[in-house]
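Novice: I'd like to ask you about the structure that follows.
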Amino acid sequence: MNEEYQAQEIEEKIQQTWDEKATFTTTEDSARENFYCLAMFPYPSGRLHMGHVRNYSIADVISRFQRMQGKNVLQPMGWDAFGMPAENAAMKNRVAPAKWTYENIDYMREQLKRLGFAYDWNREIATCKPGYYRWEQWLFTRLFKRGLAYRKTAGVNWCPNDKTVLANEQVIEGKCWRCDTVVERREIAQWFMKITDYADQLLDDIDQLEGWPEQVRTMQRNWIGRSQGVELVFDVEGESPLTVYTTRADTLMGVTYVAVAAEHPLAKKAAENNPVLQAFIESCKATSVAEANVATMEKKGMATGFMATHPISGDQVPIWVANFVLIDYGSGAVMSVPAHDTRDYDFATAYGLPIRQVIYPADGADISVEDEAYVEKGVLKNSGEFDGLTSEQAIDAIAEKLSAMSKGEKQINYRLRDWGVSRQRYWGTPIPIIYCDSCGTVTVPDDQLPVVLPEDVEYGEDVGSPIKKMPAFYQATCPQCGGAAQRETDTFDTFFESSWYYARFACPDADAMLDERAKYWLPVDQYIGGIEHAVLHLLYARFFHKLMRDEGLLDNDEPFKNLLTQGMVLKDGSKMSKSKGNTVDPQELIEKYGADTVRLFILFAAPPEQSLDWNDEGVEGAHRFLKRLWKMVFTHLSEQPAAIELGIDALTAEQKNIRRKLHETITKVSDDIGRRHTFNTAIAAVMELMNELARFSDNSEQGAAISRELIENIVLLLSPIVPHIAQQLWHELGHDELLADRAWPVCDESALVRDEIELVVQVNGKLRSKINIPAISGNGEIEALALADKKIAMNIEGKTVRKIIVVPGRLVNIVAN
């Protein structure tokens with residue numbers, strides 16, 4: 001054994017062994033329990049960052065641990081390869097996105113291999129390959145025929161920099177989630193998926209996700225946003241009535257105006273002969289439609305000149321165009337109750353509109369709405385026949401009244417809106433639709449799939465999709481009538497690809513979207529990724545899973561059994577980013593310290609759910625620990641090259657104590673990794689055990705045998721975390737087997753049995769001494785030993801013992817006065 005720890009040499013050799021033996025190649029095995037561990041796959045941006053390293057190190061520890069539990073473990077890796085960054089890089093560097101993407105994949109694959117992750121590389125997929133995306137095209141054609149995919153002209157979020165549509169979820173505080181450009185409002189023909197048809201399932205099945213963080217489950221519930229309210233109508237003389245939805249029908253008698261979206265037909269009609277209003281409407285279109293923006297934006301509006309009739313009182317209330325009303329949410333019209341809604345209050349005070357209070361505190365407190373809206377529920381006043389009712393009673397009574405008048409009815413509504421899936425960019429999956437003047441909208445037949453995206457393209461000075469300028473791509477023949485037709489040139493939102501990749505990993509070579517292997521592996525047992533995907537990716541993946549289930553491809557409801565959301569990697573308190581100049585290159589660290597050091601630090605520095613603040617000294621400390629581990633084994637083998645059989649029945653008290661510490665550590669580390677996923681505390685427990693071993697000075701044969709037992713188990717416990725050095729040390733300790741195939745250590749319960757235990761002794765609740773007693777002592781013996789202790793005798797001298805309380809295994813409290 002070499003005295004010096006040479007990380008790079010060891011890691012290269014061990015990785016070569018894994019490759020030669022195909023150690024992590026996985027096949028289906030019905031004789032063993034299976035375990036599917038998956039970390040969210042990366043975008044091939046060119047280089048791994050420390051967030052990647054953290055994410056994939058967590059997953060790798062879980063995978064290796066579960067494999068050592070005897071399970072058939074699947075841990076695949078692939079590439080979320082379509083998207084705007086590749087296209088933007090192509091335009092900047094005058095290189096085809098495909099070439100840029102494939103070169104990045106090759107580089108990043110080697111980086112992942114250098115880190116020693118236990119991936120089955122035979123299952124590698126890249127979403128930009130036709131063999132992958134043909135099947136989402138295939139599924140889309142079926143969804144179109146089932147009415148779950150449709151095209152319509154709609155108001156959309158438009159990023160003027162990236163020249164494409166964004167889903168509401170991709171707009172963060174009014175800006176593009178990728179380039180941070182202010183998002184505009186446009187109307188454009190778009191493809192949508194009817195995710196709203198699955199709203200109830202998506203909401204109700206959250207209860208199945210017991211292994212998900214409650215924060216994520218709450219975010220999903222809130223995004224779906226099921227609510228029970230009342231849909232009612234306000235008549236408009238000479239025009240179609242306005243339909244509005246409210247969850248606070250109890251405030252109906254406080255309505256003082258109605259607001260409509262800029263795109264509402266009534267707003268457009270009012271603007272026909274009103275240039276000022278038309279200009280205002282145009283300015284509204286230039287703002288984002290994302291709800292997050294609506295909450296913080298300045299509320300602006302203009303009167304239309306139209307009046308609406310209150311459905312119960314018959315009063316006339318003005319109709320305003322307001323920039324905070326979204327055409328895509330509900331009917332694009334809202335009833336406004338400024339006395340009881342903060343948004344409506346701000347708007348009313350800005351434009352001098354009436355504020356009528358109709359809800360008062362149930363306890364009779366004097367609440368005024370002169371300075372702010374009163375938004376709590378309470379008791380109705382100034383509401384005619386509904387006066388005196390509580391808010392809950394009034395909601396029912398008003399709903400019944402409206403129903404009797406044919407002016408409204410109770411209804412369940414959702415915040416969730418259909419998923420806009422088409423993008424006006426090039427580097428994505430072509431939407432498999434053909435437009436024919438005679439036959440209309442036609443799906444591409446199965447035998448013509450995939451519709452292959454041309455990869456050999458050139459970019460000019462202009463921004464836009466090259467395939468929109470390529471007749472060879474967009475000119476098509478109608479599959480129904482054989483006439484000239486045109487192919488759809490929009491591509492799918494890249495979330496389309498990432499919504500089902502986890503399932504394709506189960507059968508990447510299947511000549512179908514999925515085969516029986518998917519049913520063997522799914523659902524994913526452990527999924528790992530950032531909390532930022534709590535709505536976007538996870539909701540779409542859940543939706544896709546149900547679509548595939550309903551096509552008969554799967555036989556369960558949810559894709560991910562357990563979810564771990566790891567925190568960010570920070571430096572100097574800020575998220576690492578190139579723009580801030582605070583990134584740390586994993587490659588440089590691997591070359592300097594080795595992959596095991598990087599893995600050890602990233603897992604030890606913080607619990608996985610918390611943010612990790614980068615610390616160069618911590619990396620140095622992790623490397624010193626591995627050198628110490630190496631030296632510990634080297635020293636032991638120098639003094640005791642051959643293993644000695646351990647005789648458990650003849651151990652001294654000191655030998656029993658350190659052996660007990662070992663098996664307590666096995667229990668803790670097993671729980672920390674397997675159940676709690678607190679890898680930092682698992683590492684700390686092993687470090688503590690190593691300190692105990694360093695203090696253990698016993699040159700007897702049994703002492704050497706116990707030292708060997710501790711050392712071998714330390715190596716085993718660390719092997720999922722630092723697999724290269726662990727494998728090499730395991731070999732140096734005389735074992736030929738691969739640790740990946742070695743069973744995880746099991747606690748010897750007999751080692752935990754104590755001959756003696758230490759008890760705290762109190763006098764009148766205050767600690768006065770500690771005593772060691774035989775573990776089998778009864779209460780009478782314990783009391784006698786406590787009273788005989790010299791320190792206790794001094795503390796109770798001259799006092800009368802009134803009571804002795806024994807808490808088994810913990811303490812004795814003597815009550816004396």
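For the structure tokens, the naming scheme is as follows: chains receive sequential letters (A, B, ...) according to their order of presentation, residues are indexed from 1 within each chain, and ligands are indexed from 1 in presentation order.
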Pull the closest atom pair for each residue of range 136-219 of chain A that gets at most 12 Å from range 514-520 of chain A, along with the distance in Å to one decimal, counting only C-alpha atoms, ordering rows by chain and then ascending residue number, as CSV.

Specialist:
residue,atom,partner,partner_atom,distance
A:Glu136,CA,A:Leu514,CA,10.8
A:Trp138,CA,A:Leu514,CA,11.6
A:Leu139,CA,A:Leu514,CA,11.0

Novice: Put those residues in a file: C-alpha atoms, as a PDB file, in the first residue's frame.

Specialist:
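Result written to out-v2.pdb:
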ATOM      1  CA  GLU A 136     -44.075  12.937 -27.687  1.00  0.00           C
ATOM      2  CA  TRP A 138     -46.976  10.492 -31.311  1.00  0.00           C
ATOM      3  CA  LEU A 139     -48.689  11.224 -27.991  1.00  0.00           C
TER       4      LEU A 139
END

Novice: What lies within 8 Å of Tyr540 in chain A using only C-alpha atoms, ignoring chain neighbours under 6 positions off, as a ChimeraX atom specification?

Specialist: /A:495-496,499

Novice: So how far away is CA of Val258 in chain A from CA of Ile319 in chain A, in Å?

Specialist: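 Here the two named atoms are 4.8 Å from each other.
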
Novice: With a distance cut-off of 10 Å and only C-alpha atoms, select the neighbouring residues of Lys152 in chain A, excluding the residue or stretch itself and same-chain residues fewer than 3 positions from it, and output the selection as a PyMOL selection string.

Specialist: chain A and resi 155+187-192+420

Novice: Residues of range 349-432 of chain A in helix (DSSP H, G or I) according to DSSP, as a CSV table (one decimal) with C-alpha atoms, in the first residue's frame?

Specialist:
chain,number,residue,atom,x,y,z
A,349,THR,CA,-59.1,55.7,-4.3
A,350,ALA,CA,-56.9,56.5,-7.3
A,351,TYR,CA,-59.9,57.3,-9.5
A,384,GLY,CA,-81.0,45.0,2.3
A,385,GLU,CA,-82.6,41.6,2.9
A,386,PHE,CA,-79.2,40.1,3.8
A,391,SER,CA,-70.6,36.0,5.6
A,392,GLU,CA,-71.0,32.3,5.4
A,393,GLN,CA,-74.8,32.5,5.6
A,394,ALA,CA,-74.9,35.4,3.1
A,395,ILE,CA,-72.8,33.5,0.5
A,396,ASP,CA,-75.4,30.8,0.4
A,397,ALA,CA,-78.4,33.1,0.6
A,398,ILE,CA,-77.1,35.4,-2.2
A,399,ALA,CA,-76.3,32.4,-4.4
A,400,GLU,CA,-79.9,31.1,-3.9
A,401,LYS,CA,-81.3,34.5,-4.7
A,402,LEU,CA,-79.3,34.8,-7.9
A,403,SER,CA,-80.2,31.3,-8.9
A,404,ALA,CA,-83.9,32.0,-8.4

Novice: Excluding same-chain residues fewer than 6 positions from range 806-817 of chain A, what lies within 12 Å of it counting only C-alpha atoms, as a ChimeraX atom specification?

Specialist: /A:754,756-787,789,792-793,795-800

Novice: At a cut-off of 8 Å, using only C-alpha atoms, what residues contact Cys436 in chain A? Leave out same-chain residues fewer than 6 positions from it and give the result as a PyMOL selection string.

Specialist: chain A and resi 442+478+483-486

Novice: Since we have the selection now, will you write its residues out, keeping all heavy atoms, as a PDB file, in the first residue's frame?

Specialist:
ATOM      1  N   VAL A 442     -54.657  18.850 -39.608  1.00  0.00           N
ATOM      2  CA  VAL A 442     -54.513  17.401 -39.719  1.00  0.00           C
ATOM      3  C   VAL A 442     -53.262  16.964 -38.971  1.00  0.00           C
ATOM      4  O   VAL A 442     -52.210  17.613 -39.065  1.00  0.00           O
ATOM      5  CB  VAL A 442     -54.403  16.966 -41.199  1.00  0.00           C
ATOM      6  CG1 VAL A 442     -54.310  15.452 -41.308  1.00  0.00           C
ATOM      7  CG2 VAL A 442     -55.583  17.501 -42.008  1.00  0.00           C
ATOM      8  N   CYS A 478     -50.814  16.992 -47.779  1.00  0.00           N
ATOM      9  CA  CYS A 478     -51.873  16.626 -46.838  1.00  0.00           C
ATOM     10  C   CYS A 478     -52.026  15.102 -46.822  1.00  0.00           C
ATOM     11  O   CYS A 478     -52.240  14.485 -47.875  1.00  0.00           O
ATOM     12  CB  CYS A 478     -53.191  17.279 -47.225  1.00  0.00           C
ATOM     13  SG  CYS A 478     -54.570  16.759 -46.153  1.00  0.00           S
ATOM     14  N   GLY A 483     -53.279  16.851 -51.226  1.00  0.00           N
ATOM     15  CA  GLY A 483     -53.025  18.167 -51.779  1.00  0.00           C
ATOM     16  C   GLY A 483     -51.888  18.886 -51.094  1.00  0.00           C
ATOM     17  O   GLY A 483     -51.347  18.430 -50.078  1.00  0.00           O
ATOM     18  N   ALA A 484     -51.527  20.035 -51.680  1.00  0.00           N
ATOM     19  CA  ALA A 484     -50.455  20.840 -51.091  1.00  0.00           C
ATOM     20  C   ALA A 484     -50.903  21.374 -49.737  1.00  0.00           C
ATOM     21  O   ALA A 484     -52.052  21.800 -49.568  1.00  0.00           O
ATOM     22  CB  ALA A 484     -50.095  21.991 -52.023  1.00  0.00           C
ATOM     23  N   ALA A 485     -50.012  21.349 -48.792  1.00  0.00           N
ATOM     24  CA  ALA A 485     -50.324  21.784 -47.435  1.00  0.00           C
ATOM     25  C   ALA A 485     -49.074  22.399 -46.815  1.00  0.00           C
ATOM     26  O   ALA A 485     -48.002  22.436 -47.438  1.00  0.00           O
ATOM     27  CB  ALA A 485     -50.820  20.601 -46.595  1.00  0.00           C
ATOM     28  N   GLN A 486     -49.224  22.893 -45.604  1.00  0.00           N
ATOM     29  CA  GLN A 486     -48.090  23.518 -44.919  1.00  0.00           C
ATOM     30  C   GLN A 486     -47.933  22.918 -43.528  1.00  0.00           C
ATOM     31  O   GLN A 486     -48.904  22.724 -42.800  1.00  0.00           O
ATOM     32  CB  GLN A 486     -48.288  25.034 -44.813  1.00  0.00           C
ATOM     33  CG  GLN A 486     -47.107  25.746 -44.159  1.00  0.00           C
ATOM     34  CD  GLN A 486     -47.171  27.243 -44.362  1.00  0.00           C
ATOM     35  OE1 GLN A 486     -47.517  27.722 -45.436  1.00  0.00           O
ATOM     36  NE2 GLN A 486     -46.827  27.981 -43.315  1.00  0.00           N
TER      37      GLN A 486
END

Novice: Using only C-alpha atoms, find the one residue out of A:Ala472, A:Leu522, A:Met307, A:Val244 that sits nearest to Leu554 in chain A.

Specialist: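 Counting only C-alpha atoms, the residue closest to Leu554 in chain A is A:Leu522.
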
Novice: Neighbours of Lys668 in chain A within 10 Å (only C-alpha atoms; same-chain residues fewer than 3 positions away dropped), as a list in words?

Specialist: Leu662, His663, Glu664, Thr665, Asp671, Asp672, Ile673, Gly674, Thr681, Ala682, Ala685, Val686 and Cys747 of chain A

Novice: Just to be explicit: take each residue in the selection above, keep all heavy atoms, and write the result as a PDB file, in the first residue's frame.

Specialist:
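And here's out_3.pdb as it stands now:
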ATOM      1  N   LEU A 662     -19.072   1.607  17.616  1.00  0.00           N
ATOM      2  CA  LEU A 662     -19.134   1.249  16.201  1.00  0.00           C
ATOM      3  C   LEU A 662     -20.557   0.915  15.784  1.00  0.00           C
ATOM      4  O   LEU A 662     -21.060   1.445  14.781  1.00  0.00           O
ATOM      5  CB  LEU A 662     -18.215   0.051  15.925  1.00  0.00           C
ATOM      6  CG  LEU A 662     -18.457  -0.672  14.578  1.00  0.00           C
ATOM      7  CD1 LEU A 662     -18.196   0.260  13.409  1.00  0.00           C
ATOM      8  CD2 LEU A 662     -17.608  -1.930  14.486  1.00  0.00           C
ATOM      9  N   HIS A 663     -21.213   0.063  16.520  1.00  0.00           N
ATOM     10  CA  HIS A 663     -22.529  -0.396  16.082  1.00  0.00           C
ATOM     11  C   HIS A 663     -23.617   0.656  16.325  1.00  0.00           C
ATOM     12  O   HIS A 663     -24.624   0.668  15.612  1.00  0.00           O
ATOM     13  CB  HIS A 663     -22.835  -1.751  16.728  1.00  0.00           C
ATOM     14  CG  HIS A 663     -21.993  -2.845  16.144  1.00  0.00           C
ATOM     15  ND1 HIS A 663     -22.326  -3.475  14.974  1.00  0.00           N
ATOM     16  CD2 HIS A 663     -20.794  -3.364  16.525  1.00  0.00           C
ATOM     17  CE1 HIS A 663     -21.392  -4.359  14.662  1.00  0.00           C
ATOM     18  NE2 HIS A 663     -20.440  -4.305  15.592  1.00  0.00           N
ATOM     19  N   GLU A 664     -23.401   1.538  17.278  1.00  0.00           N
ATOM     20  CA  GLU A 664     -24.283   2.702  17.392  1.00  0.00           C
ATOM     21  C   GLU A 664     -24.121   3.598  16.164  1.00  0.00           C
ATOM     22  O   GLU A 664     -25.103   4.147  15.642  1.00  0.00           O
ATOM     23  CB  GLU A 664     -23.951   3.488  18.664  1.00  0.00           C
ATOM     24  CG  GLU A 664     -24.367   2.808  19.952  1.00  0.00           C
ATOM     25  CD  GLU A 664     -23.872   3.530  21.184  1.00  0.00           C
ATOM     26  OE1 GLU A 664     -22.987   4.414  21.066  1.00  0.00           O
ATOM     27  OE2 GLU A 664     -24.353   3.208  22.290  1.00  0.00           O
ATOM     28  N   THR A 665     -22.887   3.739  15.685  1.00  0.00           N
ATOM     29  CA  THR A 665     -22.625   4.557  14.501  1.00  0.00           C
ATOM     30  C   THR A 665     -23.243   3.932  13.260  1.00  0.00           C
ATOM     31  O   THR A 665     -23.811   4.639  12.411  1.00  0.00           O
ATOM     32  CB  THR A 665     -21.106   4.741  14.306  1.00  0.00           C
ATOM     33  OG1 THR A 665     -20.546   5.332  15.480  1.00  0.00           O
ATOM     34  CG2 THR A 665     -20.815   5.619  13.093  1.00  0.00           C
ATOM     35  N   ASP A 671     -29.596   5.249   9.293  1.00  0.00           N
ATOM     36  CA  ASP A 671     -30.814   6.055   9.359  1.00  0.00           C
ATOM     37  C   ASP A 671     -30.611   7.415   8.697  1.00  0.00           C
ATOM     38  O   ASP A 671     -31.481   7.905   7.979  1.00  0.00           O
ATOM     39  CB  ASP A 671     -31.236   6.228  10.818  1.00  0.00           C
ATOM     40  CG  ASP A 671     -32.594   6.891  10.948  1.00  0.00           C
ATOM     41  OD1 ASP A 671     -33.568   6.405  10.325  1.00  0.00           O
ATOM     42  OD2 ASP A 671     -32.692   7.914  11.655  1.00  0.00           O
ATOM     43  N   ASP A 672     -29.454   8.010   8.943  1.00  0.00           N
ATOM     44  CA  ASP A 672     -29.182   9.332   8.364  1.00  0.00           C
ATOM     45  C   ASP A 672     -29.191   9.299   6.836  1.00  0.00           C
ATOM     46  O   ASP A 672     -29.717  10.202   6.183  1.00  0.00           O
ATOM     47  CB  ASP A 672     -27.828   9.857   8.848  1.00  0.00           C
ATOM     48  CG  ASP A 672     -27.878  10.365  10.279  1.00  0.00           C
ATOM     49  OD1 ASP A 672     -28.992  10.447  10.838  1.00  0.00           O
ATOM     50  OD2 ASP A 672     -26.809  10.660  10.841  1.00  0.00           O
ATOM     51  N   ILE A 673     -28.597   8.260   6.251  1.00  0.00           N
ATOM     52  CA  ILE A 673     -28.561   8.171   4.786  1.00  0.00           C
ATOM     53  C   ILE A 673     -29.862   7.614   4.232  1.00  0.00           C
ATOM     54  O   ILE A 673     -30.441   8.167   3.296  1.00  0.00           O
ATOM     55  CB  ILE A 673     -27.371   7.294   4.327  1.00  0.00           C
ATOM     56  CG1 ILE A 673     -26.045   7.966   4.690  1.00  0.00           C
ATOM     57  CG2 ILE A 673     -27.443   7.049   2.820  1.00  0.00           C
ATOM     58  CD1 ILE A 673     -24.821   7.158   4.290  1.00  0.00           C
ATOM     59  N   GLY A 674     -30.352   6.538   4.837  1.00  0.00           N
ATOM     60  CA  GLY A 674     -31.481   5.823   4.256  1.00  0.00           C
ATOM     61  C   GLY A 674     -32.827   6.481   4.446  1.00  0.00           C
ATOM     62  O   GLY A 674     -33.659   6.476   3.548  1.00  0.00           O
ATOM     63  N   THR A 681     -24.733  14.777   8.857  1.00  0.00           N
ATOM     64  CA  THR A 681     -24.661  14.160  10.177  1.00  0.00           C
ATOM     65  C   THR A 681     -24.114  12.736  10.100  1.00  0.00           C
ATOM     66  O   THR A 681     -23.467  12.262  11.039  1.00  0.00           O
ATOM     67  CB  THR A 681     -26.037  14.159  10.857  1.00  0.00           C
ATOM     68  OG1 THR A 681     -26.985  13.463  10.026  1.00  0.00           O
ATOM     69  CG2 THR A 681     -26.533  15.581  11.092  1.00  0.00           C
ATOM     70  N   ALA A 682     -24.350  12.066   8.985  1.00  0.00           N
ATOM     71  CA  ALA A 682     -23.770  10.731   8.796  1.00  0.00           C
ATOM     72  C   ALA A 682     -22.247  10.832   8.748  1.00  0.00           C
ATOM     73  O   ALA A 682     -21.530  10.040   9.389  1.00  0.00           O
ATOM     74  CB  ALA A 682     -24.303  10.097   7.518  1.00  0.00           C
ATOM     75  N   ALA A 685     -20.842  11.562  12.156  1.00  0.00           N
ATOM     76  CA  ALA A 685     -20.841  10.387  13.030  1.00  0.00           C
ATOM     77  C   ALA A 685     -19.633   9.498  12.743  1.00  0.00           C
ATOM     78  O   ALA A 685     -19.014   8.948  13.661  1.00  0.00           O
ATOM     79  CB  ALA A 685     -22.136   9.605  12.852  1.00  0.00           C
ATOM     80  N   VAL A 686     -19.268   9.352  11.455  1.00  0.00           N
ATOM     81  CA  VAL A 686     -18.102   8.548  11.102  1.00  0.00           C
ATOM     82  C   VAL A 686     -16.826   9.233  11.589  1.00  0.00           C
ATOM     83  O   VAL A 686     -15.893   8.579  12.082  1.00  0.00           O
ATOM     84  CB  VAL A 686     -18.052   8.293   9.585  1.00  0.00           C
ATOM     85  CG1 VAL A 686     -16.782   7.525   9.211  1.00  0.00           C
ATOM     86  CG2 VAL A 686     -19.271   7.507   9.135  1.00  0.00           C
ATOM     87  N   CYS A 747     -26.037  -3.577  12.103  1.00  0.00           N
ATOM     88  CA  CYS A 747     -25.752  -3.412  13.524  1.00  0.00           C
ATOM     89  C   CYS A 747     -25.852  -4.758  14.246  1.00  0.00           C
ATOM     90  O   CYS A 747     -26.819  -5.505  14.063  1.00  0.00           O
ATOM     91  CB  CYS A 747     -26.726  -2.413  14.134  1.00  0.00           C
ATOM     92  SG  CYS A 747     -26.632  -2.300  15.938  1.00  0.00           S
TER      93      CYS A 747
END

Novice: May I have the residues within 6 Å of range 599-614 of chain A as an NGL selection string, using only C-alpha atoms and disregarding those fewer than 3 positions away in the same chain?

Specialist: :A and (54 or 565-571 or 596 or 619 or 622 or 678-680)

Novice: Write a file of the just-selected residues containing C-alpha atoms, as an mmCIF file, in the first residue's frame.

Specialist:
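To be explicit, this is the file written out as part05.cif:
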data_model
loop_
_atom_site.group_PDB
_atom_site.id
_atom_site.type_symbol
_atom_site.label_atom_id
_atom_site.label_comp_id
_atom_site.auth_asym_id
_atom_site.auth_seq_id
_atom_site.Cartn_x
_atom_site.Cartn_y
_atom_site.Cartn_z
ATOM 1 C CA ARG A 54 -24.516 18.883 -5.188
ATOM 2 C CA THR A 565 -35.450 19.544 -2.904
ATOM 3 C CA GLN A 566 -31.844 20.545 -2.327
ATOM 4 C CA GLY A 567 -30.804 24.081 -1.501
ATOM 5 C CA MET A 568 -28.638 26.342 -3.650
ATOM 6 C CA VAL A 569 -24.868 26.621 -3.522
ATOM 7 C CA LEU A 570 -23.939 30.157 -2.496
ATOM 8 C CA LYS A 571 -20.717 32.082 -2.340
ATOM 9 C CA ASP A 596 -13.981 12.312 -3.543
ATOM 10 C CA VAL A 619 -12.665 21.892 0.833
ATOM 11 C CA ALA A 622 -12.383 17.551 3.466
ATOM 12 C CA THR A 678 -28.894 14.026 6.365
ATOM 13 C CA PHE A 679 -25.551 13.140 4.866
ATOM 14 C CA ASN A 680 -23.719 15.804 6.870
#

Novice: If you measure from CA of Ala149 in chain A to CA of Val334 in chain A, what distance in Å do you get, rounded to one decimal?

Specialist: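 The value is 28.2 Å.
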
Novice: CA of Ile224 in chain A and CA of Met548 in chain A are how many Å apart?

Specialist: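 CA of Met548 in chain A lies at a distance of 20.4 Å from CA of Ile224 in chain A.
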
Novice: From the DSSP assignment of the backbone, select every residue of range 428-581 of chain A that is strand (DSSP E or B), and format the answer as a PyMOL selection string.

Specialist: chain A and resi 430+433-436+440-443+475-477+484-487+491-492+524-530+560-566+569-571+574-575
